[in-house]
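This is final18.csv. It holds CSV, C-alpha atoms.
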```csv
chain,number,residue,atom,x,y,z
S,1,GLY,CA,11.6,-6.8,-0.6
S,2,ALA,CA,13.5,-3.6,0.1
S,3,GLU,CA,12.8,-2.3,-3.5
S,4,SER,CA,9.0,-2.8,-3.0
S,5,LEU,CA,9.1,-0.9,0.3
S,6,ARG,CA,11.1,1.9,-1.2
S,7,GLY,CA,8.6,2.2,-4.1
S,8,ASP,CA,5.7,2.2,-1.6
S,9,VAL,CA,7.3,5.0,0.4
S,10,MET,CA,7.9,7.0,-2.8
S,11,ALA,CA,4.3,6.5,-3.9
S,12,LEU,CA,3.0,7.6,-0.5
S,13,ALA,CA,5.3,10.7,-0.5
S,14,SER,CA,4.1,11.5,-4.0
S,15,ALA,CA,0.4,11.1,-3.0
S,16,LEU,CA,1.0,13.4,0.0
S,17,GLY,CA,2.7,16.1,-2.1
S,18,TYR,CA,0.0,15.8,-4.8
S,19,GLY,CA,-2.8,16.1,-2.2
S,20,VAL,CA,-1.3,19.2,-0.7
S,21,TYR,CA,-0.7,20.7,-4.2
S,22,VAL,CA,-4.3,20.1,-5.3
S,23,VAL,CA,-5.9,21.6,-2.2
S,24,TYR,CA,-3.5,24.6,-2.3
S,25,LEU,CA,-4.2,25.2,-6.0
S,26,LYS,CA,-7.9,25.2,-5.5
S,27,ARG,CA,-7.7,27.6,-2.6
S,28,ALA,CA,-5.3,29.9,-4.4
S,29,ILE,CA,-7.3,30.0,-7.6
S,30,ARG,CA,-10.9,29.5,-6.3
S,31,HIS,CA,-12.6,29.8,-9.7
S,32,GLU,CA,-11.6,29.2,-13.2
S,33,SER,CA,-12.4,32.8,-14.3
S,34,ARG,CA,-9.6,34.1,-12.0
S,35,VAL,CA,-6.8,32.4,-13.9
S,36,LYS,CA,-5.5,31.7,-17.4
S,37,MET,CA,-4.7,28.0,-17.4
S,38,PRO,CA,-1.9,28.1,-19.9
S,39,MET,CA,-0.2,30.7,-17.7
S,40,VAL,CA,-0.5,28.3,-14.7
S,41,PHE,CA,1.2,25.6,-16.6
S,42,GLY,CA,3.8,28.0,-18.0
S,43,PHE,CA,4.8,29.0,-14.5
S,44,ALA,CA,4.8,25.3,-13.4
S,45,GLY,CA,7.1,24.5,-16.3
S,46,LEU,CA,9.4,27.4,-15.3
S,47,ALA,CA,9.5,26.1,-11.7
S,48,VAL,CA,10.5,22.6,-12.9
S,49,LEU,CA,13.0,24.0,-15.4
S,50,PHE,CA,14.8,26.1,-12.9
S,51,GLY,CA,14.1,24.2,-9.7
S,52,LEU,CA,14.1,20.5,-10.5
S,53,TRP,CA,15.7,20.1,-13.9
S,54,PRO,CA,19.3,20.5,-12.5
S,55,LEU,CA,18.7,17.3,-10.4
S,56,PHE,CA,18.8,15.5,-13.7
S,57,PHE,CA,22.5,15.9,-13.9
S,58,LEU,CA,23.0,14.8,-10.3
S,59,PHE,CA,20.9,11.7,-10.7
S,60,ASN,CA,22.7,10.8,-13.9
S,61,ALA,CA,26.1,11.3,-12.2
S,62,ILE,CA,25.3,9.1,-9.2
S,63,GLY,CA,23.5,6.4,-11.2
S,64,VAL,CA,20.0,6.9,-9.8
S,65,GLU,CA,18.6,7.5,-13.2
S,66,ARG,CA,20.8,7.0,-16.3
S,67,PHE,CA,20.3,9.3,-19.3
S,68,ALA,CA,20.1,8.0,-22.8
S,69,TRP,CA,18.8,9.7,-26.0
S,70,PRO,CA,15.8,8.0,-27.6
S,71,PRO,CA,17.2,5.4,-30.1
S,72,SER,CA,14.9,6.1,-33.1
S,73,PRO,CA,12.6,8.7,-34.7
S,74,ARG,CA,9.7,6.5,-33.7
S,75,ALA,CA,10.7,6.7,-30.1
S,76,TRP,CA,11.0,10.5,-30.4
S,77,ALA,CA,7.5,10.6,-31.9
S,78,PHE,CA,6.0,8.5,-29.1
S,79,LEU,CA,7.8,10.8,-26.5
S,80,PHE,CA,6.3,13.8,-28.2
S,81,LEU,CA,2.8,12.3,-28.4
S,82,ASN,CA,3.1,11.2,-24.7
S,83,GLY,CA,4.1,14.7,-23.7
S,84,LEU,CA,1.3,16.3,-25.6
S,85,LEU,CA,-1.5,13.9,-24.7
S,86,GLY,CA,-0.3,12.3,-21.5
S,87,THR,CA,1.0,15.4,-19.9
S,88,VAL,CA,-0.1,18.7,-21.3
S,89,LEU,CA,-3.7,17.8,-22.4
S,90,SER,CA,-4.4,15.5,-19.4
S,91,ASP,CA,-3.1,18.1,-16.9
S,92,LEU,CA,-5.0,20.9,-18.5
S,93,LEU,CA,-8.3,18.9,-18.4
S,94,TRP,CA,-7.6,17.8,-14.9
S,95,LEU,CA,-7.0,21.4,-13.7
S,96,TRP,CA,-10.2,22.5,-15.5
S,97,ALA,CA,-12.2,19.7,-13.8
S,98,MET,CA,-10.7,20.6,-10.4
S,99,LEU,CA,-11.7,24.2,-10.8
S,100,LEU,CA,-15.2,23.3,-12.0
S,101,THR,CA,-15.7,20.7,-9.2
S,102,THR,CA,-13.6,20.0,-6.2
S,103,PRO,CA,-10.0,18.6,-5.8
S,104,LEU,CA,-11.5,15.4,-4.5
S,105,VAL,CA,-13.8,14.8,-7.5
S,106,ALA,CA,-11.1,15.7,-10.0
S,107,THR,CA,-8.5,13.4,-8.3
S,108,VAL,CA,-10.9,10.5,-7.9
S,109,GLY,CA,-11.7,11.0,-11.6
S,110,LEU,CA,-8.1,10.4,-12.4
S,111,SER,CA,-8.5,6.9,-10.9
S,112,LEU,CA,-10.9,6.2,-13.8
S,113,SER,CA,-7.7,5.5,-15.8
S,114,ILE,CA,-7.8,2.0,-14.3
S,115,PRO,CA,-11.0,0.9,-15.9
S,116,VAL,CA,-10.2,2.9,-19.0
S,117,ALA,CA,-6.9,1.0,-19.4
S,118,MET,CA,-8.7,-2.3,-19.0
S,119,VAL,CA,-11.2,-1.4,-21.8
S,120,SER,CA,-8.3,-0.2,-23.9
S,121,GLU,CA,-6.6,-3.5,-23.5
S,122,LEU,CA,-9.7,-5.2,-24.7
S,123,PHE,CA,-9.4,-3.3,-28.0
S,124,PHE,CA,-5.7,-3.2,-28.5
S,125,LYS,CA,-4.5,-6.5,-27.1
S,126,SER,CA,-5.3,-9.8,-28.8
S,127,SER,CA,-6.4,-11.7,-25.8
S,128,PRO,CA,-6.2,-9.8,-22.5
S,129,LYS,CA,-6.6,-11.8,-19.3
S,130,PHE,CA,-8.0,-10.0,-16.3
S,131,SER,CA,-8.2,-11.6,-12.9
S,132,LEU,CA,-11.5,-11.4,-11.0
S,133,ALA,CA,-9.8,-9.1,-8.5
S,134,TYR,CA,-8.8,-6.7,-11.3
S,135,VAL,CA,-12.3,-6.6,-12.8
S,136,ALA,CA,-13.8,-6.1,-9.3
S,137,GLY,CA,-11.3,-3.3,-8.5
S,138,ALA,CA,-12.1,-1.5,-11.8
S,139,LEU,CA,-15.8,-1.8,-11.1
S,140,LEU,CA,-15.3,-0.4,-7.6
S,141,VAL,CA,-13.4,2.5,-9.0
S,142,VAL,CA,-16.3,3.4,-11.3
S,143,LEU,CA,-18.8,2.9,-8.6
S,144,GLY,CA,-16.8,5.1,-6.2
S,145,PHE,CA,-16.7,7.9,-8.8
S,146,VAL,CA,-20.4,7.6,-9.5
S,147,LEU,CA,-21.3,7.6,-5.8
S,148,LEU,CA,-19.0,10.5,-5.0
S,149,ASN,CA,-20.6,12.6,-7.7
S,150,THR,CA,-24.1,11.5,-6.9
S,151,CYS,CA,-23.7,12.2,-3.2
S,152,ASP,CA,-22.1,15.5,-3.9
S,153,GLU,CA,-25.0,16.6,-6.2
S,154,ILE,CA,-27.6,15.4,-3.6
S,155,ARG,CA,-25.9,17.4,-0.9
S,156,ARG,CA,-25.7,20.5,-3.2
S,157,ARG,CA,-29.4,20.3,-4.0
S,158,LEU,CA,-30.4,19.8,-0.4
S,159,SER,CA,-28.3,22.8,0.8
S,160,ALA,CA,-29.8,24.9,-2.0
S,161,ARG,CA,-33.4,24.1,-0.8
S,162,ARG,CA,-32.7,25.0,2.9
S,163,PRO,CA,-34.0,28.3,3.9
S,164,ALA,CA,-31.4,30.8,5.1
S,165,ALA,CA,-31.3,31.1,8.9
```

Whole structure, structure tokens version:
Amino acid sequence: GAESLRGDVMALASALGYGVYVVYLKRAIRHESRVKMPMVFGFAGLAVLFGLWPLFFLFNAIGVERFAWPPSPRAWAFLFLNGLLGTVLSDLLWLWAMLLTTPLVATVGLSLSIPVAMVSELFFKSSPKFSLAYVAGALLVVLGFVLLNTCDEIRRRLSARRPAA
């Protein structure tokens, strides 16, 4: 319905912004030795704090996103853990991967969260049920990542062997 279309448009807009951000970041930084990663994330945090955080009050006031304090200490602990592992550590590792490889390889690497989530469900859920399409999709994600890296490595080796013209 309309909500699904709205969600699809938001996902596409997010992907577009993310793609532009990744390529710009790689071009601006070029190599990991040129930047201190904690400083990059510090400036990103300041940009969000001063540029986007005020939207929080607007969205709460007009009902787009209602604010509520976490109801228990356990919820606070999970929020803290999610912020540390799910945001800070994962973004730091992603940025490092992007600087060591390419924006494409690092971003496709993020899609490995799909098969990793499936394997995690096998360990943490009593009896997970996966459709054939889900399993096939997860395998295709892994295959795509392997092929991307293999082709990239083959291309790199071939270009290194070519004599300079």

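Considering the residues S:Ala61, S:Arg155, S:Leu92, S:Lys129 and counting all atoms listed in the file, Met39 in chain S has its shortest atom-to-atom contact with S:Leu92.
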
How many Å lie between CA of Ile29 in chain S and CA of Leu99 in chain S, rounded to one decimal?
->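 Straight-line distance from CA of Ile29 in chain S to CA of Leu99 in chain S works out to 8.0 Å.
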
Suppose you want the space between CA of Tyr21 in chain S and CA of Val48 in chain S; what is it in Å?
-> 14.3 Å

So how far away is CA of Thr87 in chain S from CA of Arg74 in chain S, in Å?
-> 18.6 Å

Do you know which residues are at most 12 Å from Met98 in chain S counting all atoms listed in the file, after dropping those on the same chain fewer than 3 positions away, and could you put them as a compact mmCIF listing (two decimals) with C-alpha atoms, keeping the file's coordinate frame?
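Here's the written file around-v3.txt:
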```
# COMPACT_ATOMS: atom_id res chain seq x y z
CA TYR S 21 -0.70 20.70 -4.20
CA VAL S 22 -4.30 20.10 -5.30
CA VAL S 23 -5.90 21.60 -2.20
CA TYR S 24 -3.50 24.60 -2.30
CA LEU S 25 -4.20 25.20 -6.00
CA LYS S 26 -7.90 25.20 -5.50
CA ARG S 27 -7.70 27.60 -2.60
CA ILE S 29 -7.30 30.00 -7.60
CA ARG S 30 -10.90 29.50 -6.30
CA HIS S 31 -12.60 29.80 -9.70
CA GLU S 32 -11.60 29.20 -13.20
CA MET S 37 -4.70 28.00 -17.40
CA ASP S 91 -3.10 18.10 -16.90
CA LEU S 92 -5.00 20.90 -18.50
CA LEU S 93 -8.30 18.90 -18.40
CA TRP S 94 -7.60 17.80 -14.90
CA LEU S 95 -7.00 21.40 -13.70
CA THR S 101 -15.70 20.70 -9.20
CA THR S 102 -13.60 20.00 -6.20
CA PRO S 103 -10.00 18.60 -5.80
CA LEU S 104 -11.50 15.40 -4.50
CA VAL S 105 -13.80 14.80 -7.50
CA ALA S 106 -11.10 15.70 -10.00
CA THR S 107 -8.50 13.40 -8.30
CA VAL S 108 -10.90 10.50 -7.90
CA GLY S 109 -11.70 11.00 -11.60
CA LEU S 110 -8.10 10.40 -12.40
```

Can you list, as a ChimeraX atom specification, every protein, DNA or RNA residue that comes within 12 Å of Val135 in chain S when you count all atoms listed in the file, leaving out same-chain residues fewer than 6 positions away?
-> /S:114-119,128-129,141-142

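The nearest approach to Ser90 in chain S among the residues S:Ser113, S:Arg156, S:Leu140, S:Phe123, with all atoms listed in the file taken into account, belongs to S:Ser113.
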